[in-house]
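Enquirer: So here's model_6.csv, just CSV, C-alpha atoms:
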chain,number,residue,atom,x,y,z
A,3,MET,CA,-75.8,-96.7,-86.7
A,4,LYS,CA,-73.6,-93.8,-87.8
A,5,ALA,CA,-72.9,-92.3,-91.2
A,6,GLN,CA,-69.3,-93.4,-91.1
A,7,GLU,CA,-70.4,-97.0,-90.9
A,8,ILE,CA,-72.2,-97.0,-94.2
A,9,MET,CA,-70.4,-94.2,-96.2
A,10,THR,CA,-68.1,-94.7,-99.1
A,11,ARG,CA,-64.7,-93.5,-97.8
A,12,ASP,CA,-62.2,-91.2,-99.4
A,13,PRO,CA,-64.1,-90.4,-102.6
A,14,ALA,CA,-62.2,-89.2,-105.7
A,15,CYS,CA,-62.3,-85.4,-105.9
A,16,VAL,CA,-61.6,-82.6,-108.3
A,17,THR,CA,-60.8,-78.9,-107.8
A,18,PRO,CA,-62.7,-76.0,-109.3
A,19,ASP,CA,-59.9,-75.6,-111.9
A,20,THR,CA,-60.3,-79.2,-113.2
A,21,ASN,CA,-61.5,-79.5,-116.8
A,22,VAL,CA,-65.1,-80.7,-117.0
A,23,ARG,CA,-64.2,-83.4,-119.4
A,24,GLU,CA,-61.7,-84.8,-116.8
A,25,ALA,CA,-64.4,-84.7,-114.1
A,26,VAL,CA,-66.7,-86.7,-116.3
A,27,GLN,CA,-64.0,-89.2,-117.1
A,28,LEU,CA,-63.4,-89.6,-113.4
A,29,MET,CA,-67.1,-90.2,-112.8
A,30,GLN,CA,-67.0,-92.9,-115.5
A,31,LYS,CA,-63.8,-94.5,-114.0
A,32,GLU,CA,-65.2,-94.4,-110.5
A,33,ASP,CA,-68.8,-95.4,-111.7
A,34,VAL,CA,-70.4,-92.5,-109.7
A,35,GLY,CA,-72.8,-89.7,-110.5
A,36,LEU,CA,-71.3,-87.1,-108.1
A,37,ILE,CA,-67.7,-85.9,-107.6
A,38,PRO,CA,-66.9,-83.7,-104.7
A,39,VAL,CA,-65.2,-80.4,-105.6
A,40,VAL,CA,-62.5,-79.5,-103.1
A,41,GLU,CA,-60.6,-76.3,-102.5
A,42,SER,CA,-57.3,-78.1,-103.0
A,43,GLU,CA,-56.2,-81.7,-103.1
A,44,SER,CA,-54.2,-81.1,-99.9
A,45,SER,CA,-57.0,-79.5,-97.8
A,46,ARG,CA,-59.9,-81.6,-99.3
A,47,ARG,CA,-62.2,-78.8,-97.9
A,48,LEU,CA,-65.5,-79.2,-99.7
A,49,VAL,CA,-66.5,-76.2,-101.8
A,50,GLY,CA,-69.2,-77.9,-104.0
A,51,VAL,CA,-70.0,-80.9,-106.1
A,52,ILE,CA,-70.4,-81.7,-109.8
A,53,THR,CA,-72.9,-84.3,-110.8
A,54,ASP,CA,-73.8,-86.1,-113.9
A,55,ARG,CA,-77.0,-84.0,-113.9
A,56,ASP,CA,-75.0,-80.7,-113.7
A,57,VAL,CA,-73.1,-81.8,-116.8
A,58,ALA,CA,-76.2,-83.0,-118.7
A,59,ILE,CA,-78.1,-79.8,-118.0
A,60,ARG,CA,-75.5,-77.1,-117.8
A,61,VAL,CA,-73.0,-78.4,-120.4
A,62,VAL,CA,-74.9,-80.6,-122.9
A,63,GLY,CA,-78.3,-79.1,-122.5
A,64,ASP,CA,-77.0,-75.5,-122.9
A,65,GLY,CA,-74.9,-76.6,-125.9
A,66,ARG,CA,-71.7,-75.5,-124.2
A,67,PRO,CA,-68.3,-77.2,-124.8
A,68,ALA,CA,-67.0,-79.6,-122.2
A,69,ASP,CA,-63.6,-77.9,-122.1
A,70,GLY,CA,-64.6,-75.4,-119.4
A,71,GLN,CA,-63.6,-75.6,-115.7
A,72,VAL,CA,-65.7,-77.4,-113.1
A,73,ARG,CA,-66.2,-74.0,-111.3
A,74,GLU,CA,-68.5,-73.0,-114.2
A,75,PHE,CA,-70.9,-75.9,-113.8
A,76,MET,CA,-70.7,-77.2,-110.2
A,77,SER,CA,-73.3,-76.9,-107.5
A,78,GLU,CA,-71.9,-74.8,-104.6
A,79,SER,CA,-74.8,-75.1,-102.2
A,80,VAL,CA,-74.4,-78.6,-100.8
A,81,HIS,CA,-76.1,-80.3,-98.0
A,82,THR,CA,-73.6,-82.2,-95.9
A,83,ALA,CA,-73.5,-84.4,-92.8
A,84,LYS,CA,-70.8,-85.3,-90.2
A,85,GLU,CA,-69.4,-88.8,-90.0
A,86,ASP,CA,-70.7,-89.2,-86.4
A,87,GLU,CA,-74.3,-88.3,-87.3
A,88,ASP,CA,-76.9,-91.0,-87.1
A,89,VAL,CA,-77.9,-92.6,-90.4
A,90,ASP,CA,-81.5,-91.7,-89.5
A,91,ALA,CA,-80.5,-88.0,-89.6
A,92,VAL,CA,-78.8,-88.5,-93.0
A,93,MET,CA,-81.9,-90.2,-94.3
A,94,ARG,CA,-84.1,-87.4,-93.1
A,95,LEU,CA,-81.9,-84.9,-94.9
A,96,MET,CA,-82.0,-87.0,-98.1
A,97,GLY,CA,-85.8,-87.3,-97.9
A,98,ASN,CA,-86.5,-83.6,-97.0
A,99,GLU,CA,-84.1,-82.2,-99.6
A,100,GLN,CA,-84.8,-84.9,-102.2
A,101,ILE,CA,-81.1,-85.7,-102.7
A,102,ARG,CA,-79.6,-89.0,-103.6
A,103,ARG,CA,-76.1,-88.4,-102.1
A,104,VAL,CA,-74.8,-86.6,-99.0
A,105,PRO,CA,-71.1,-85.7,-98.7
A,106,ILE,CA,-69.8,-86.5,-95.3
A,107,VAL,CA,-67.4,-84.0,-93.9
A,108,ASP,CA,-65.1,-83.8,-90.9
A,109,GLU,CA,-65.0,-80.9,-88.4
A,110,ARG,CA,-62.8,-78.8,-90.8
A,111,GLY,CA,-65.3,-79.2,-93.7
A,112,GLY,CA,-63.0,-81.7,-95.4
A,113,ILE,CA,-64.6,-84.5,-97.4
A,114,VAL,CA,-64.2,-87.9,-95.8
A,115,GLY,CA,-67.0,-89.9,-97.5
A,116,ILE,CA,-70.3,-90.0,-99.3
A,117,VAL,CA,-73.6,-91.6,-98.2
A,118,SER,CA,-75.6,-92.5,-101.3
A,119,GLN,CA,-79.2,-93.7,-101.8
A,120,ALA,CA,-77.7,-97.2,-102.5
A,121,ASP,CA,-75.8,-97.2,-99.2
A,122,VAL,CA,-79.0,-96.4,-97.3
A,123,ALA,CA,-80.9,-99.1,-99.2
A,124,ARG,CA,-78.2,-101.7,-98.5
A,125,GLU,CA,-77.3,-100.8,-94.9
A,126,GLY,CA,-80.4,-99.1,-93.5
A,127,ALA,CA,-81.5,-100.9,-90.4
A,128,ASP,CA,-85.2,-100.1,-90.6
A,129,ALA,CA,-86.6,-101.3,-93.9
A,130,GLU,CA,-89.8,-99.4,-93.6
A,131,ARG,CA,-87.9,-96.1,-92.9
A,132,VAL,CA,-85.6,-96.8,-95.8
A,133,ASP,CA,-88.6,-97.3,-98.1
A,134,ARG,CA,-90.1,-94.0,-96.9
A,135,THR,CA,-86.9,-92.1,-97.4
A,136,LEU,CA,-86.4,-93.5,-100.9
A,137,GLU,CA,-90.0,-92.6,-101.8
A,138,LYS,CA,-89.4,-89.0,-100.6
A,139,ILE,CA,-86.2,-88.7,-102.6
A,140,SER,CA,-87.9,-89.9,-105.7
A,141,LYS,CA,-91.1,-88.0,-105.3
A,142,PRO,CA,-91.7,-85.7,-108.3
A,143,GLY,CA,-91.7,-82.0,-107.5
A,144,SER,CA,-89.4,-79.0,-107.3
A,145,GLN,CA,-86.6,-78.7,-104.9
A,146,ALA,CA,-85.9,-75.4,-103.3
A,147,SER,CA,-82.5,-75.0,-104.9
A,148,GLY,CA,-83.6,-76.6,-108.2
A,149,ARG,CA,-80.5,-78.8,-108.1
A,150,LYS,CA,-80.3,-82.5,-107.1
A,151,GLN,CA,-77.2,-84.0,-105.7
Kindly return the structure encoded in the file as structure tokens.
Expert:
Amino acid sequence: MKAQEIMTRDPACVTPDTNVREAVQLMQKEDVGLIPVVESESSRRLVGVITDRDVAIRVVGDGRPADGQVREFMSESVHTAKEDEDVDAVMRLMGNEQIRRVPIVDERGGIVGIVSQADVAREGADAERVDRTLEKISKPGSQASGRKQ
């Protein structure tokens, strides 16, 4: 099974210049915890992500106002996969990096979808492998980058 078969297609995106409050409102509207940050709406080239955790820690936790730009709070180092990658490879990435969502990009680095922990749980073919992946994602411990997607 390939990532493109289980991913959520054409996710809503923001640019680095988007106001954080607008990004959070988009998360609420779309009922998601991660919004891809793209270079521009026309290119959709992925330059980072902003997550509900980024907002909670870097905005609320630091006592900063939510009127800043996404570029101030987004995570730039993002693990991605290609749409033709096997779901097993995406699951390994999620488990090894302890991330709950993987942006799926095309050959130009443009965002085309997202595979989430829920997608893997719903669509994963091997239930035992899915269980191991979800366990690794949820395992307490520090991540190399210190940021979870």
Enquirer: I'd like the contact shell of Gly70 in chain A - 9 Å cut-off, all atoms listed in the file, skipping same-chain residues fewer than 4 positions apart - returned as a list in words.
Expert: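 With the cut-off at 9 Å, the set is Asp19, Thr20, Asn21, Val22, Arg23, Val61, Arg66, Glu74 and Phe75 of chain A.
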Enquirer: Closest to Arg103 in chain A among A:Arg11, A:Arg46, A:His81, A:Arg60, using all atoms listed in the file?
Expert: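 Checking each of A:Arg11, A:Arg46, A:His81, A:Arg60 against Arg103 in chain A, counting all atoms listed in the file, the winner is A:His81.
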Enquirer: Excluding Ser42 in chain A and residues on its chain fewer than 2 positions from it, collect all residues at most 12 Å away from it, counting all atoms listed in the file, and give them as a list in words.
Expert: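 Those residues are Cys15, Val16, Thr17, Pro18, Asp19, Thr20, Pro38, Val39, Val40, Ser44, Ser45, Arg46, Arg47, Leu48, Val49, Gly50, Gly112 and Ile113 of chain A.
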Enquirer: Please compute the CA of Arg124 in chain A-CA of Met76 in chain A distance, one decimal, in Å.
Expert: 28.2 Å
Enquirer: Please indicate the distance in Å from CA of Gln100 in chain A to CA of Gln6 in chain A, rounded to one decimal place.
Expert: 20.9 Å
Enquirer: For CA of Leu28 in chain A and CA of Val114 in chain A, determine how far apart the two atoms are, in Å to one decimal place.
Expert: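 Pair CA of Leu28 in chain A / CA of Val114 in chain A returns 17.7 Å.
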Enquirer: When you count all atoms listed in the file, which of these residues is closest to Asp121 in chain A: A:Val26, A:Glu109, A:Val80, A:Val92?
Expert: A:Val92
Enquirer: Residues at most 10 Å from Asp86 in chain A, counting all atoms listed in the file, excluding those fewer than 4 positions away in the same chain, as a PyMOL selection string?
Expert: chain A and resi 3-7+106-108
Enquirer: Using all atoms listed in the file, can you tell me which of A:Val72, A:Leu36, A:Met93, A:Ala83 comes closest to Pro105 in chain A?
Expert: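 The answer is A:Ala83, which sits nearest to Pro105 in chain A.
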Enquirer: Set the distance at 12 Å and use all atoms listed in the file: which residues neighbour Val34 in chain A once local chain neighbours fewer than 2 positions away are removed? I'd like the list as a list in words.
Expert: Thr10, Pro13, Ala14, Cys15, Ala25, Val26, Gln27, Leu28, Met29, Gln30, Lys31, Glu32, Leu36, Ile37, Pro38, Ile52, Thr53, Asp54, Arg55, Arg102, Arg103, Ile116, Val117, Ser118, Gln119, Ala120 and Gln151 of chain A
Enquirer: Complete range 57-68 of chain A with N, CA and C atoms (output as a PDB file, in the frame of the given file).
Expert:
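Everything below was put into part_30.pdb:
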ATOM      1  N   VAL A  57     -73.707 -81.762-115.480  1.00  0.00           N
ATOM      2  CA  VAL A  57     -73.100 -81.800-116.800  1.00  0.00           C
ATOM      3  C   VAL A  57     -74.156 -81.940-117.887  1.00  0.00           C
ATOM      4  N   ALA A  58     -75.133 -82.804-117.659  1.00  0.00           N
ATOM      5  CA  ALA A  58     -76.200 -83.000-118.700  1.00  0.00           C
ATOM      6  C   ALA A  58     -76.957 -81.700-118.920  1.00  0.00           C
ATOM      7  N   ILE A  59     -77.289 -80.984-117.872  1.00  0.00           N
ATOM      8  CA  ILE A  59     -78.100 -79.800-118.000  1.00  0.00           C
ATOM      9  C   ILE A  59     -77.316 -78.552-118.378  1.00  0.00           C
ATOM     10  N   ARG A  60     -76.219 -78.325-117.659  1.00  0.00           N
ATOM     11  CA  ARG A  60     -75.500 -77.100-117.800  1.00  0.00           C
ATOM     12  C   ARG A  60     -74.437 -77.100-118.931  1.00  0.00           C
ATOM     13  N   VAL A  61     -74.023 -78.277-119.326  1.00  0.00           N
ATOM     14  CA  VAL A  61     -73.000 -78.400-120.400  1.00  0.00           C
ATOM     15  C   VAL A  61     -73.767 -78.816-121.683  1.00  0.00           C
ATOM     16  N   VAL A  62     -74.237 -80.048-121.683  1.00  0.00           N
ATOM     17  CA  VAL A  62     -74.900 -80.600-122.900  1.00  0.00           C
ATOM     18  C   VAL A  62     -76.166 -79.871-123.211  1.00  0.00           C
ATOM     19  N   GLY A  63     -77.039 -79.723-122.219  1.00  0.00           N
ATOM     20  CA  GLY A  63     -78.300 -79.100-122.500  1.00  0.00           C
ATOM     21  C   GLY A  63     -78.216 -77.643-122.938  1.00  0.00           C
ATOM     22  N   ASP A  64     -77.210 -76.931-122.455  1.00  0.00           N
ATOM     23  CA  ASP A  64     -77.000 -75.500-122.900  1.00  0.00           C
ATOM     24  C   ASP A  64     -76.120 -75.431-124.114  1.00  0.00           C
ATOM     25  N   GLY A  65     -75.693 -76.591-124.647  1.00  0.00           N
ATOM     26  CA  GLY A  65     -74.900 -76.600-125.900  1.00  0.00           C
ATOM     27  C   GLY A  65     -73.496 -75.989-125.669  1.00  0.00           C
ATOM     28  N   ARG A  66     -72.983 -76.102-124.451  1.00  0.00           N
ATOM     29  CA  ARG A  66     -71.700 -75.500-124.200  1.00  0.00           C
ATOM     30  C   ARG A  66     -70.588 -76.588-124.345  1.00  0.00           C
ATOM     31  N   PRO A  67     -69.386 -76.195-124.691  1.00  0.00           N
ATOM     32  CA  PRO A  67     -68.300 -77.200-124.800  1.00  0.00           C
ATOM     33  C   PRO A  67     -67.863 -77.712-123.481  1.00  0.00           C
ATOM     34  N   ALA A  68     -67.401 -78.946-123.477  1.00  0.00           N
ATOM     35  CA  ALA A  68     -67.000 -79.600-122.200  1.00  0.00           C
ATOM     36  C   ALA A  68     -65.536 -79.291-121.880  1.00  0.00           C
TER      37      ALA A  68
END
